[in-house]
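Asks: Structure file upload-v4.txt (compact mmCIF, C-alpha atoms) right here:
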```
# COMPACT_ATOMS: atom_id res chain seq x y z
CA MET A 485 1.46 -31.17 -24.15
CA ALA A 486 -0.62 -28.48 -22.47
CA VAL A 487 1.49 -25.66 -23.96
CA GLY A 488 -0.72 -23.71 -26.33
CA ARG A 489 -3.91 -25.18 -24.89
CA GLU A 490 -6.83 -22.79 -25.18
CA TRP A 491 -9.34 -22.33 -22.38
CA PRO A 492 -12.76 -20.80 -23.01
CA PRO A 493 -13.53 -17.33 -21.67
CA GLU A 494 -14.21 -17.26 -17.94
CA TRP A 495 -15.06 -13.62 -17.64
CA ARG A 496 -18.11 -12.07 -16.10
CA ARG A 497 -19.14 -8.46 -15.75
CA TYR A 498 -20.89 -6.82 -12.84
CA LYS A 499 -21.47 -3.37 -11.38
CA ASP A 500 -19.39 -2.54 -8.36
CA PRO A 501 -21.73 -2.13 -5.37
CA ILE A 502 -19.97 1.03 -4.14
CA SER A 503 -19.13 3.03 -7.27
CA GLY A 504 -21.40 1.49 -9.90
CA VAL A 505 -18.40 1.05 -12.22
CA GLU A 506 -18.63 -2.03 -14.45
CA ILE A 507 -15.95 -4.51 -13.38
CA THR A 508 -14.70 -7.31 -15.63
CA GLN A 509 -13.54 -10.48 -13.91
CA LEU A 510 -11.11 -12.07 -16.38
CA THR A 511 -10.56 -15.44 -14.64
CA ASN A 512 -12.88 -17.77 -12.77
CA TYR A 513 -11.27 -21.08 -11.87
CA ARG A 514 -11.15 -22.94 -8.55
CA ALA A 515 -7.48 -22.17 -7.98
CA HIS A 516 -5.55 -18.96 -7.53
CA SER A 517 -4.95 -16.80 -10.60
CA TYR A 518 -3.05 -13.52 -10.34
CA HIS A 519 -1.51 -10.83 -12.53
CA LEU A 520 2.17 -9.92 -12.33
CA TYR A 521 3.60 -7.81 -9.52
CA PHE A 522 2.55 -4.20 -9.93
CA THR A 523 6.05 -3.02 -10.95
CA ASN A 524 6.09 -5.51 -13.84
CA PRO A 525 3.77 -4.76 -16.77
CA GLY A 526 2.25 -7.96 -18.15
CA TRP A 527 0.81 -6.75 -21.47
CA TYR A 528 2.09 -7.96 -24.84
CA ASP A 529 0.94 -8.45 -28.44
CA GLY A 530 0.43 -4.71 -28.79
CA GLY A 531 -1.48 -4.59 -25.49
CA ARG A 532 -4.05 -7.11 -26.69
CA ARG A 533 -3.04 -9.87 -24.28
CA LEU A 534 -2.23 -9.91 -20.55
CA LEU A 535 -0.08 -12.45 -18.69
CA PHE A 536 -1.17 -14.10 -15.48
CA GLY A 537 -0.07 -17.00 -13.31
CA SER A 538 -2.51 -19.71 -12.30
CA ASP A 539 -2.50 -22.89 -10.20
CA ARG A 540 -4.82 -24.88 -12.48
CA GLU A 541 -4.88 -28.68 -12.30
CA ASN A 542 -2.69 -28.60 -9.17
CA ARG A 543 0.23 -27.06 -11.09
CA THR A 544 1.48 -23.50 -11.43
CA ASN A 545 1.89 -22.20 -14.97
CA LEU A 546 1.91 -19.03 -17.01
CA PHE A 547 -1.18 -18.10 -19.01
CA SER A 548 -2.42 -15.18 -21.05
CA VAL A 549 -5.86 -13.75 -21.66
CA GLU A 550 -6.99 -12.01 -24.84
CA LEU A 551 -8.62 -8.85 -23.54
CA SER A 552 -11.08 -8.48 -26.43
CA SER A 553 -12.52 -11.99 -26.24
CA GLY A 554 -11.60 -13.40 -22.84
CA ARG A 555 -9.95 -16.45 -24.44
CA ILE A 556 -7.19 -17.92 -22.29
CA MET A 557 -4.05 -19.66 -23.50
CA GLN A 558 -1.66 -21.82 -21.46
CA LEU A 559 1.93 -20.78 -22.16
CA THR A 560 3.99 -23.22 -20.04
CA ASP A 561 3.73 -26.79 -18.77
CA LEU A 562 6.16 -27.05 -15.87
CA GLU A 563 6.64 -29.61 -13.11
CA PRO A 564 5.98 -28.32 -9.57
CA LEU A 565 9.03 -27.49 -7.44
CA GLU A 566 9.59 -27.64 -3.70
CA SER A 567 10.50 -24.75 -1.39
CA PRO A 568 12.55 -22.57 -1.60
CA PHE A 569 11.99 -22.69 -5.37
CA GLU A 570 8.20 -22.98 -5.44
CA LEU A 571 7.00 -21.71 -8.79
CA SER A 572 5.33 -18.30 -8.90
CA PHE A 573 4.98 -15.98 -11.86
CA LEU A 574 4.57 -12.79 -9.82
CA THR A 575 8.13 -11.74 -10.67
CA THR A 576 7.87 -12.40 -14.42
CA ALA A 577 9.20 -9.68 -16.74
CA VAL A 578 8.13 -8.85 -20.31
CA ASN A 579 10.57 -7.51 -22.87
CA PRO A 580 9.45 -3.98 -23.91
CA CYS A 581 10.84 -4.45 -27.43
CA ARG A 582 9.61 -7.93 -28.39
CA ASP A 583 7.07 -10.50 -27.22
CA GLU A 584 9.28 -12.44 -24.83
CA ALA A 585 8.89 -13.09 -21.10
CA TYR A 586 11.44 -14.05 -18.44
CA PHE A 587 10.92 -15.98 -15.22
CA TRP A 588 12.67 -18.23 -12.69
CA TYR A 589 12.30 -21.99 -12.73
CA GLY A 590 14.35 -23.31 -9.85
CA ARG A 591 17.81 -21.80 -10.27
CA GLN A 592 17.31 -21.25 -14.00
CA MET A 593 16.34 -17.96 -15.59
CA LEU A 594 14.18 -18.88 -18.59
CA ALA A 595 13.09 -16.94 -21.66
CA LEU A 596 9.72 -17.70 -23.26
CA ASP A 597 8.87 -16.58 -26.79
CA LEU A 598 5.25 -15.47 -26.37
CA GLN A 599 4.43 -16.12 -30.02
CA THR A 600 6.06 -19.53 -30.66
CA LEU A 601 5.97 -20.61 -26.97
CA GLN A 602 9.53 -21.90 -27.27
CA MET A 603 11.63 -21.69 -24.11
CA ARG A 604 15.35 -21.30 -23.65
CA VAL A 605 17.64 -21.15 -20.63
CA LEU A 606 19.30 -17.76 -20.26
CA TRP A 607 21.38 -18.35 -17.15
CA GLU A 608 21.66 -20.55 -14.08
CA MET A 609 21.99 -18.99 -10.65
CA PRO A 610 24.84 -20.38 -8.50
CA ALA A 611 24.00 -22.74 -5.63
CA GLY A 612 23.40 -21.12 -2.27
CA PHE A 613 21.25 -18.25 -3.56
CA ARG A 614 17.54 -17.51 -3.86
CA PRO A 615 15.93 -15.64 -6.77
CA SER A 616 14.11 -12.32 -6.63
CA MET A 617 12.35 -9.87 -8.95
CA LEU A 618 13.17 -9.84 -12.67
CA ASN A 619 13.02 -6.78 -14.92
CA CYS A 620 14.10 -6.07 -18.48
CA THR A 621 16.08 -2.99 -19.51
CA ALA A 622 14.35 -0.38 -21.67
CA ASP A 623 16.39 -1.29 -24.75
CA GLY A 624 15.27 -4.93 -24.49
CA LEU A 625 18.86 -6.23 -24.35
CA PHE A 626 19.25 -7.39 -20.74
CA VAL A 627 17.36 -8.93 -17.84
CA CYS A 628 18.32 -7.66 -14.38
CA ALA A 629 17.58 -9.41 -11.10
CA ALA A 630 18.69 -9.68 -7.51
CA ILE A 631 19.89 -12.99 -6.11
CA ASN A 632 20.20 -13.38 -2.36
CA GLU A 633 22.12 -15.72 -0.08
CA ASP A 634 19.88 -18.62 0.93
CA LEU A 635 19.57 -18.63 4.72
CA SER A 636 16.89 -21.33 4.93
CA ASP A 637 19.34 -23.75 6.58
CA ARG A 638 19.59 -21.30 9.51
CA LEU A 639 16.25 -19.48 9.53
CA ARG A 640 12.60 -20.42 9.16
CA ILE A 641 11.69 -18.58 5.96
CA ASP A 642 8.39 -18.25 4.12
CA TYR A 643 8.20 -14.75 2.70
CA HIS A 644 5.14 -15.54 0.57
CA ARG A 645 2.96 -16.57 3.50
CA GLY A 646 3.03 -13.95 6.21
CA TYR A 647 6.60 -12.71 5.71
CA VAL A 648 7.95 -15.46 7.95
CA GLY A 649 11.67 -14.80 8.55
CA PHE A 650 11.50 -11.29 7.11
CA ARG A 651 13.04 -9.41 10.05
CA GLU A 652 15.50 -12.22 10.73
CA THR A 653 16.78 -12.13 7.14
CA TRP A 654 17.27 -8.37 7.33
CA GLN A 655 19.21 -8.70 10.57
CA ALA A 656 21.45 -11.42 9.07
CA ASN A 657 22.79 -9.11 6.30
CA PRO A 658 22.87 -11.82 3.60
CA LEU A 659 25.26 -11.61 0.66
CA CYS A 660 23.25 -10.19 -2.23
CA ARG A 661 24.02 -9.50 -5.86
CA ILE A 662 22.38 -7.72 -8.75
CA VAL A 663 23.06 -9.51 -12.02
CA ARG A 664 22.60 -8.34 -15.60
CA VAL A 665 22.02 -11.16 -18.09
CA ALA A 666 22.45 -10.54 -21.81
CA LEU A 667 19.57 -11.85 -23.92
CA ASP A 668 21.70 -12.51 -26.99
CA GLY A 669 24.02 -14.99 -25.31
CA GLY A 670 23.14 -15.46 -21.68
CA THR A 671 26.36 -13.97 -20.32
CA ALA A 672 25.82 -12.74 -16.78
CA GLU A 673 27.59 -9.89 -15.06
CA VAL A 674 27.42 -9.03 -11.35
CA VAL A 675 26.77 -5.28 -11.42
CA TRP A 676 26.30 -4.77 -7.66
CA GLU A 677 27.12 -6.78 -4.54
CA GLU A 678 26.81 -6.07 -0.84
CA ARG A 679 25.88 -7.55 2.51
CA SER A 680 22.45 -5.97 2.74
CA TRP A 681 19.25 -7.74 1.79
CA ILE A 682 18.40 -6.55 -1.74
CA GLY A 683 15.02 -6.84 -3.40
CA HIS A 684 12.73 -5.26 -5.99
CA VAL A 685 15.11 -4.63 -8.88
CA ASN A 686 13.09 -2.32 -11.14
CA THR A 687 14.45 -1.06 -14.45
CA SER A 688 13.53 2.35 -15.83
CA PRO A 689 11.05 1.98 -18.72
CA THR A 690 12.92 4.62 -20.77
CA ARG A 691 16.51 4.74 -19.48
CA PRO A 692 18.33 1.43 -20.14
CA GLU A 693 21.22 2.40 -17.86
CA LEU A 694 19.08 2.98 -14.76
CA LEU A 695 17.45 0.67 -12.26
CA THR A 696 16.23 0.95 -8.71
CA PHE A 697 16.64 -1.63 -5.99
CA CYS A 698 15.67 -1.66 -2.35
CA HIS A 699 17.21 -2.61 0.95
CA GLU A 700 14.64 -5.02 2.32
CA GLY A 701 13.62 -4.99 5.96
CA PRO A 702 11.41 -2.84 8.20
CA TRP A 703 11.06 0.40 6.26
CA GLU A 704 11.66 2.59 9.30
CA LEU A 705 14.85 0.70 10.29
CA VAL A 706 16.76 0.02 7.06
CA ASP A 707 19.53 2.49 6.21
CA ASN A 708 17.48 3.54 3.18
CA ARG A 709 14.76 1.71 1.28
CA ILE A 710 15.11 3.10 -2.27
CA TRP A 711 18.41 3.06 -4.19
CA CYS A 712 19.28 3.83 -7.80
CA LEU A 713 22.06 2.12 -9.77
CA ASP A 714 23.66 3.50 -12.92
CA LEU A 715 24.63 0.43 -14.94
CA SER A 716 26.99 2.43 -17.14
CA SER A 717 29.13 3.65 -14.24
CA GLY A 718 28.39 1.16 -11.46
CA ARG A 719 27.49 4.01 -9.09
CA ALA A 720 24.61 3.59 -6.62
CA TRP A 721 22.95 6.23 -4.46
CA LYS A 722 20.05 6.74 -2.07
CA VAL A 723 16.76 7.93 -3.52
CA ARG A 724 14.42 9.94 -1.28
CA PRO A 725 16.81 9.60 1.72
CA ARG A 726 14.94 8.56 4.85
CA GLU A 727 14.86 10.94 7.78
CA GLY A 728 14.44 9.62 11.31
CA ARG A 729 11.81 6.90 11.64
CA GLU A 730 10.09 7.62 8.33
CA ALA A 731 8.85 4.55 6.47
CA VAL A 732 8.94 4.92 2.67
CA GLY A 733 8.73 2.19 0.05
CA HIS A 734 6.81 0.17 -2.57
CA GLU A 735 8.71 2.23 -5.13
CA TYR A 736 7.88 2.08 -8.83
CA TRP A 737 8.91 3.99 -11.97
CA LEU A 738 6.49 6.43 -13.48
CA GLN A 739 5.87 6.09 -17.19
CA ASP A 740 8.48 8.75 -18.06
CA GLY A 741 11.25 6.51 -16.66
CA GLU A 742 12.68 9.52 -14.83
CA ARG A 743 10.53 9.75 -11.71
CA ILE A 744 9.89 7.18 -8.99
CA GLY A 745 6.64 6.92 -7.06
CA TYR A 746 6.26 5.67 -3.50
CA HIS A 747 4.09 5.79 -0.42
CA GLY A 748 4.90 5.74 3.25
CA ARG A 749 4.35 6.93 6.79
CA LEU A 750 5.87 9.76 8.81
CA PRO A 751 6.99 9.32 12.45
CA SER A 752 3.77 11.12 13.42
CA GLY A 753 1.78 8.30 11.82
CA GLU A 754 0.58 10.47 8.93
CA ARG A 755 0.47 8.70 5.57
CA ILE A 756 2.22 10.14 2.55
CA LEU A 757 2.24 9.81 -1.23
CA GLY A 758 5.19 11.04 -3.22
CA CYS A 759 7.34 10.92 -6.32
CA ILE A 760 10.88 12.06 -6.97
CA ARG A 761 13.28 12.12 -9.92
CA TYR A 762 16.02 9.48 -9.80
CA ASP A 763 18.60 12.24 -9.01
CA ASN A 764 16.58 13.42 -5.99
CA THR A 765 15.17 16.51 -7.71
CA GLN A 766 11.53 17.38 -8.51
CA ARG A 767 10.20 15.90 -5.27
CA VAL A 768 6.43 16.09 -4.90
CA GLU A 769 5.08 14.73 -1.62
CA GLY A 770 2.20 15.27 0.73
CA THR A 771 0.13 13.75 3.48
CA VAL A 772 -3.09 11.97 2.61
CA LEU A 773 -6.05 10.61 4.48
CA HIS A 774 -6.62 6.87 4.92
CA ASP A 775 -4.40 3.89 4.23
CA THR A 776 -2.87 3.82 0.75
CA GLY A 777 -1.68 0.21 0.47
CA HIS A 778 0.39 -0.54 -2.65
CA THR A 779 0.19 2.45 -4.99
CA HIS A 780 0.72 2.99 -8.71
CA SER A 781 0.40 5.85 -11.19
CA LEU A 782 1.52 6.75 -14.70
CA ASP A 783 2.27 10.47 -14.38
CA PHE A 784 1.41 11.11 -10.70
CA SER A 785 -1.74 13.05 -11.51
CA LEU A 786 -3.91 10.07 -10.54
CA ILE A 787 -2.75 7.47 -8.04
CA VAL A 788 -4.41 4.15 -7.21
CA GLY A 789 -3.96 2.27 -3.94
CA ASP A 790 -5.31 -0.96 -2.48
CA GLY A 791 -5.56 0.04 1.18
CA GLY A 792 -8.40 -1.41 3.21
CA ARG A 793 -11.04 -3.23 1.14
CA GLU A 794 -11.20 -0.87 -1.84
CA LEU A 795 -9.35 0.43 -4.87
CA ARG A 796 -8.76 4.02 -3.79
CA LEU A 797 -7.93 6.92 -6.12
CA TRP A 798 -6.13 10.14 -5.22
CA ARG A 799 -5.82 13.09 -7.58
CA GLN A 800 -2.68 15.23 -7.39
CA GLU A 801 -2.54 18.75 -8.69
CA GLY A 802 0.15 21.31 -7.90
CA GLY A 803 1.41 19.27 -4.96
CA ARG A 804 -2.06 18.98 -3.39
CA PHE A 805 -3.78 15.63 -3.00
CA PHE A 806 -7.53 15.14 -3.29
CA GLY A 807 -9.45 12.05 -2.24
CA PRO A 808 -9.44 9.21 -1.84
CA ARG A 809 -12.39 8.28 -3.99
CA VAL A 810 -13.54 4.67 -4.31
CA LEU A 811 -13.24 3.06 -7.73
CA ALA A 812 -14.24 -0.43 -6.61
CA GLU A 813 -14.19 -2.73 -3.64
CA HIS A 814 -11.71 -5.60 -3.80
CA ARG A 815 -12.21 -7.34 -0.41
CA SER A 816 -9.02 -9.37 -0.91
CA SER A 817 -7.48 -11.20 2.04
CA PHE A 818 -3.77 -10.51 1.29
CA HIS A 819 -3.21 -13.92 2.85
CA ILE A 820 -0.42 -14.86 0.43
CA GLN A 821 1.56 -12.77 -2.04
CA GLU A 822 -0.39 -14.13 -5.00
CA VAL A 823 -3.64 -12.64 -3.67
CA HIS A 824 -2.25 -9.23 -2.83
CA VAL A 825 -4.26 -6.78 -4.91
CA HIS A 826 -1.25 -5.02 -6.52
CA PRO A 827 -3.29 -2.56 -8.65
CA ARG A 828 -1.65 -1.19 -11.80
CA PHE A 829 -2.82 1.22 -14.48
CA SER A 830 -2.94 -0.05 -18.05
CA PRO A 831 -0.35 1.59 -20.33
CA ASP A 832 -2.96 3.96 -21.77
CA GLY A 833 -4.42 4.75 -18.34
CA SER A 834 -7.93 3.63 -19.29
CA TYR A 835 -8.28 0.84 -16.72
CA ILE A 836 -6.68 -0.76 -13.68
CA VAL A 837 -5.79 -4.44 -13.39
CA TYR A 838 -5.85 -6.06 -9.96
CA THR A 839 -6.18 -9.39 -8.15
CA SER A 840 -8.69 -10.35 -5.49
CA ASP A 841 -9.71 -13.52 -3.67
CA ALA A 842 -13.07 -12.08 -2.59
CA LEU A 843 -14.79 -15.17 -4.05
CA GLY A 844 -12.45 -17.58 -2.25
CA TYR A 845 -9.82 -17.95 -4.95
CA GLY A 846 -7.54 -15.34 -6.45
CA ASN A 847 -8.82 -13.97 -9.75
CA VAL A 848 -7.78 -11.20 -12.11
CA TYR A 849 -10.04 -8.18 -12.60
CA ILE A 850 -10.03 -4.93 -14.53
CA ALA A 851 -11.82 -1.73 -13.55
CA PRO A 852 -12.23 1.16 -16.01
CA VAL A 853 -10.96 4.49 -14.73
CA ALA A 854 -14.03 6.60 -14.10
CA GLU A 855 -14.24 10.37 -13.74
CA PHE A 856 -12.68 11.19 -10.38
CA GLU A 857 -15.33 13.63 -9.16
CA ALA A 858 -18.11 11.17 -10.01
CA LEU A 859 -16.76 8.51 -7.64
CA PRO A 860 -17.90 8.30 -4.01
CA PRO A 861 -15.47 9.69 -1.40
CA LEU A 862 -14.14 7.10 1.00
CA SER A 863 -14.98 9.43 3.87
CA GLU A 864 -18.69 9.05 3.10
CA LEU A 865 -18.45 5.27 3.40
CA ALA A 866 -16.71 5.58 6.76
CA ASN A 867 -19.65 7.61 8.01
```
Represent the structure of the file as structure tokens.
Replies:
Amino acid sequence: MAVGREWPPEWRRYKDPISGVEITQLTNYRAHSYHLYFTNPGWYDGGRRLLFGSDRENRTNLFSVELSSGRIMQLTDLEPLESPFELSFLTTAVNPCRDEAYFWYGRQMLALDLQTLQMRVLWEMPAGFRPSMLNCTADGLFVCAAINEDLSDRLRIDYHRGYVGFRETWQANPLCRIVRVALDGGTAEVVWEERSWIGHVNTSPTRPELLTFCHEGPWELVDNRIWCLDLSSGRAWKVRPREGREAVGHEYWLQDGERIGYHGRLPSGERILGCIRYDNTQRVEGTVLHDTGHTHSLDFSLIVGDGGRELRLWRQEGGRFFGPRVLAEHRSSFHIQEVHVHPRFSPDGSYIVYTSDALGYGNVYIAPVAEFEALPPLSELAN
């Protein structure tokens, strides 16, 4: 059994050629390794260990790295699966109240005890559906996820490699459900259902009754990208309602569990960064220079994005945005979902975790957050 197998440290440290910040490369194996999607925190064991997926030995499994030593541990030993259930750990969720992780294996939603490495089946998705993002409620009692009607018998679909079939799926209005699965018994409840393509179910990190979901499709054409669902009442509503041909998305919860961050583009082509409370109050939004890419922040005072070839930082103060400044270059190809950079701040805000395939294979990196004013402006590089 490979479960529990320890791998020696693979890390290396180097100075970023643009900013001079010392980068730590946590993985270095001739296969793709990647951290979890940026809306899903992957830390556990009191923040001492970080989850990542890796394709080692021609198989995809879940691993963790001890951040103080670099030691790697293999957490699963699973047989490969064929499309549309190819194994990826991007959508894995960690329980905020205990060391347990949740992921899809085929149609099964599995729970993995991160200390004993014992697995159990929580729930099995009905035939005719495809899985989507998993997230755990703030009280640690439920896992929530979207499941979507499988249209692969009618459409050519490969969302992970170039978004093949993306627009066609949106136009087809598949039957989609949001399910809430109890961790103490595996009972599943459909808490939302509609004929719009649903994705990115994200639970508030502090409010167990709240989650966001999105209507997938071209951001400027969907009825509204960001939605909030109150699990206690079953009511759903638009968040940051779209006006005209605005394109707003890649939403994520801020650390307070009350506000939701996003980025987007106005009809004029100007790029925006913003955050808004789940009830559509306290909106802070403004135009920024340069491409943002996926963005993340803890309290919206400092925002990281992966636009272009760099990790870019914006500082927000009183509704004004400064930057971007360059924290590090990533040079990732974005060729498949697993090598999207997906930067995310650590829970204490001291560093940023990201993925890059600059060396040919996807690897996991961390960059310490340096003083904003000491970092080089992106505008100077462009000149």
Asks: Which distance in Å separates CA of His814 in chain A and CA of Glu794 in chain A, to one decimal?
Replies: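 Pair CA of His814 in chain A / CA of Glu794 in chain A returns 5.1 Å.
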Asks: One decimal, in Å: what's the spacing between CA of Leu797 in chain A and CA of Leu859 in chain A?
Replies: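 That distance, rounded to one decimal, is 9.1 Å.
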Asks: From the set A:Glu742, A:Glu813, A:Glu730, A:Glu678, which residue has the shortest atom-to-atom contact distance to Ile756 in chain A, counting only C-alpha atoms?
Replies: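 Between A:Glu742, A:Glu813, A:Glu730, A:Glu678, the residue approaching Ile756 in chain A most closely is A:Glu730.
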Asks: Which one is closest to Arg604 in chain A: A:Leu571, A:Val674, A:Ile631, A:Leu667? Count all atoms listed in the file.
Replies: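 When distances to Arg604 in chain A are compared using all atoms listed in the file, the smallest one comes from A:Leu667.
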Asks: Which one is closest to Gly803 in chain A: A:Ala611, A:Leu757, A:Val627, A:Ile502? Count only C-alpha atoms.
Replies: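 Among the listed residues, the smallest separation from Gly803 in chain A belongs to A:Leu757.
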Asks: Ranking A:Leu596, A:Leu510, A:Leu705, A:Ala515 by minimum distance to Leu551 in chain A and counting only C-alpha atoms, which one comes first?
Replies: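 Closest candidate: A:Leu510.
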Asks: Restrict the calculation to only C-alpha atoms, then for each residue of range 506-565 of chain A with any atom at most 6 Å from an atom of range 844-847 of chain A give the closest atom pair and their distance in Å to one decimal, rows by chain and rising residue number, as CSV.
Replies:
```
residue,atom,partner,partner_atom,distance
A:Thr511,CA,A:Asn847,CA,5.4
A:Ala515,CA,A:Tyr845,CA,5.7
A:His516,CA,A:Gly846,CA,4.3
A:Ser517,CA,A:Asn847,CA,4.9
A:Tyr518,CA,A:Asn847,CA,5.8
```
Asks: Skip Val505 in chain A itself and residues of its chain fewer than 4 positions away, then list as a ChimeraX atom specification all residues within 8 Å of it, counting all atoms listed in the file.
Replies: /A:499-500,811-812,851-852,854
Asks: Rounded to one decimal, what separation in Å do you get between CA of Arg729 in chain A and CA of Arg645 in chain A?
Replies: 26.4 Å
Asks: Might you pull out every residue within 8 Å of range 710-714 of chain A, with only C-alpha atoms counted and same-chain residues fewer than 3 positions away left off, and present them as an MDAnalysis selection string?
Replies: chainID A and resid 693:699 717:725 733 735 762
Asks: Looking at A:Cys759, A:Leu715, A:Ala656, A:Leu562, which one is nearest to Thr621 in chain A, with distances taken over only C-alpha atoms?
Replies: A:Leu715
Asks: Which is closer to Pro492 in chain A than all the others in A:Gly770, A:Gly802, A:Gly531, A:Gly554, using all atoms listed in the file?
Replies: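 Counting all atoms listed in the file, the residue closest to Pro492 in chain A is A:Gly554.
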Asks: Neighbours of range 782-792 of chain A within 10 Å (all atoms listed in the file; same-chain residues fewer than 3 positions away dropped), as an NGL selection string?
Replies: :A and (736-741 or 743-745 or 747 or 757-759 or 768 or 774-779 or 795-803 or 805-817 or 824-833 or 836 or 838 or 853 or 856)
Asks: Find the spatial neighbours of Leu750 in chain A, counting all atoms listed in the file, within a cut-off of 10 Å - ignore same-chain residues fewer than 5 positions away - and output them as a list in words.
Replies: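 Neighbouring residues, sequence-local ones excluded: Glu704, Arg726, Glu727, Gly728, Arg729, Glu730, Ala731, Val732, Arg755, Ile756 and Thr771 of chain A.
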Asks: Identify, on the basis of all atoms listed in the file, every residue whose closest approach to Tyr647 in chain A does not exceed 10 Å; exclude the query and any residue fewer than 5 positions from it along the same chain; express the result as a ChimeraX atom specification.
Replies: /A:641-642,820-821
Asks: Using only C-alpha atoms, can you list as a PDB file with C-alpha atoms, keeping the file's coordinate frame the residues within 12 Å of (22.1, -22.2, -16.7)?
Replies:
```
ATOM      1  CA  TRP A 588      12.670 -18.230 -12.690  1.00  0.00           C
ATOM      2  CA  TYR A 589      12.300 -21.990 -12.730  1.00  0.00           C
ATOM      3  CA  GLY A 590      14.350 -23.310  -9.850  1.00  0.00           C
ATOM      4  CA  ARG A 591      17.810 -21.800 -10.270  1.00  0.00           C
ATOM      5  CA  GLN A 592      17.310 -21.250 -14.000  1.00  0.00           C
ATOM      6  CA  MET A 593      16.340 -17.960 -15.590  1.00  0.00           C
ATOM      7  CA  LEU A 594      14.180 -18.880 -18.590  1.00  0.00           C
ATOM      8  CA  ALA A 595      13.090 -16.940 -21.660  1.00  0.00           C
ATOM      9  CA  ARG A 604      15.350 -21.300 -23.650  1.00  0.00           C
ATOM     10  CA  VAL A 605      17.640 -21.150 -20.630  1.00  0.00           C
ATOM     11  CA  LEU A 606      19.300 -17.760 -20.260  1.00  0.00           C
ATOM     12  CA  TRP A 607      21.380 -18.350 -17.150  1.00  0.00           C
ATOM     13  CA  GLU A 608      21.660 -20.550 -14.080  1.00  0.00           C
ATOM     14  CA  MET A 609      21.990 -18.990 -10.650  1.00  0.00           C
ATOM     15  CA  PRO A 610      24.840 -20.380  -8.500  1.00  0.00           C
ATOM     16  CA  ALA A 611      24.000 -22.740  -5.630  1.00  0.00           C
ATOM     17  CA  VAL A 665      22.020 -11.160 -18.090  1.00  0.00           C
ATOM     18  CA  GLY A 669      24.020 -14.990 -25.310  1.00  0.00           C
ATOM     19  CA  GLY A 670      23.140 -15.460 -21.680  1.00  0.00           C
ATOM     20  CA  THR A 671      26.360 -13.970 -20.320  1.00  0.00           C
ATOM     21  CA  ALA A 672      25.820 -12.740 -16.780  1.00  0.00           C
TER      22      ALA A 672
END
```
Asks: Let me know the centre plus edge lengths, in Å and rounded to one decimal, of a box with edges along x, y and z that contains all listed atoms of range 756-769 of chain A and is padded by 8 Å on every side, as JSON.
Replies:
```
{"center_x": 10.4, "center_y": 13.4, "center_z": -3.7, "size_x": 32.4, "size_y": 23.9, "size_z": 28.5}
```
Asks: Complete the atom set of range 613-624 of chain A to N, CA and C atoms and return it as a PDB file, in the coordinates of the input.
Replies:
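Done, and the output landed in result-v3.pdb:
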```pdb
ATOM      1  N   PHE A 613      21.973 -19.512  -3.423  1.00  0.00           N
ATOM      2  CA  PHE A 613      21.250 -18.250  -3.560  1.00  0.00           C
ATOM      3  C   PHE A 613      19.780 -18.511  -3.835  1.00  0.00           C
ATOM      4  N   ARG A 614      18.970 -17.493  -3.561  1.00  0.00           N
ATOM      5  CA  ARG A 614      17.540 -17.510  -3.860  1.00  0.00           C
ATOM      6  C   ARG A 614      17.246 -16.426  -4.881  1.00  0.00           C
ATOM      7  N   PRO A 615      16.245 -16.645  -5.744  1.00  0.00           N
ATOM      8  CA  PRO A 615      15.930 -15.640  -6.770  1.00  0.00           C
ATOM      9  C   PRO A 615      15.006 -14.550  -6.244  1.00  0.00           C
ATOM     10  N   SER A 616      14.987 -13.435  -6.967  1.00  0.00           N
ATOM     11  CA  SER A 616      14.110 -12.320  -6.630  1.00  0.00           C
ATOM     12  C   SER A 616      13.529 -11.750  -7.925  1.00  0.00           C
ATOM     13  N   MET A 617      13.043 -10.516  -7.843  1.00  0.00           N
ATOM     14  CA  MET A 617      12.350  -9.870  -8.950  1.00  0.00           C
ATOM     15  C   MET A 617      13.190  -9.790 -10.215  1.00  0.00           C
ATOM     16  N   LEU A 618      12.540 -10.013 -11.368  1.00  0.00           N
ATOM     17  CA  LEU A 618      13.170  -9.840 -12.670  1.00  0.00           C
ATOM     18  C   LEU A 618      12.618  -8.582 -13.342  1.00  0.00           C
ATOM     19  N   ASN A 619      13.479  -7.898 -14.104  1.00  0.00           N
ATOM     20  CA  ASN A 619      13.020  -6.780 -14.920  1.00  0.00           C
ATOM     21  C   ASN A 619      13.927  -6.637 -16.115  1.00  0.00           C
ATOM     22  N   CYS A 620      13.363  -6.184 -17.222  1.00  0.00           N
ATOM     23  CA  CYS A 620      14.100  -6.070 -18.480  1.00  0.00           C
ATOM     24  C   CYS A 620      14.467  -4.603 -18.724  1.00  0.00           C
ATOM     25  N   THR A 621      15.667  -4.360 -19.240  1.00  0.00           N
ATOM     26  CA  THR A 621      16.080  -2.990 -19.510  1.00  0.00           C
ATOM     27  C   THR A 621      15.273  -2.406 -20.673  1.00  0.00           C
ATOM     28  N   ALA A 622      15.219  -1.078 -20.721  1.00  0.00           N
ATOM     29  CA  ALA A 622      14.350  -0.380 -21.670  1.00  0.00           C
ATOM     30  C   ALA A 622      14.722  -0.637 -23.122  1.00  0.00           C
ATOM     31  N   ASP A 623      15.984  -0.991 -23.375  1.00  0.00           N
ATOM     32  CA  ASP A 623      16.390  -1.290 -24.750  1.00  0.00           C
ATOM     33  C   ASP A 623      16.149  -2.739 -25.135  1.00  0.00           C
ATOM     34  N   GLY A 624      15.609  -3.539 -24.197  1.00  0.00           N
ATOM     35  CA  GLY A 624      15.270  -4.930 -24.490  1.00  0.00           C
ATOM     36  C   GLY A 624      16.461  -5.851 -24.617  1.00  0.00           C
TER      37      GLY A 624
END
```
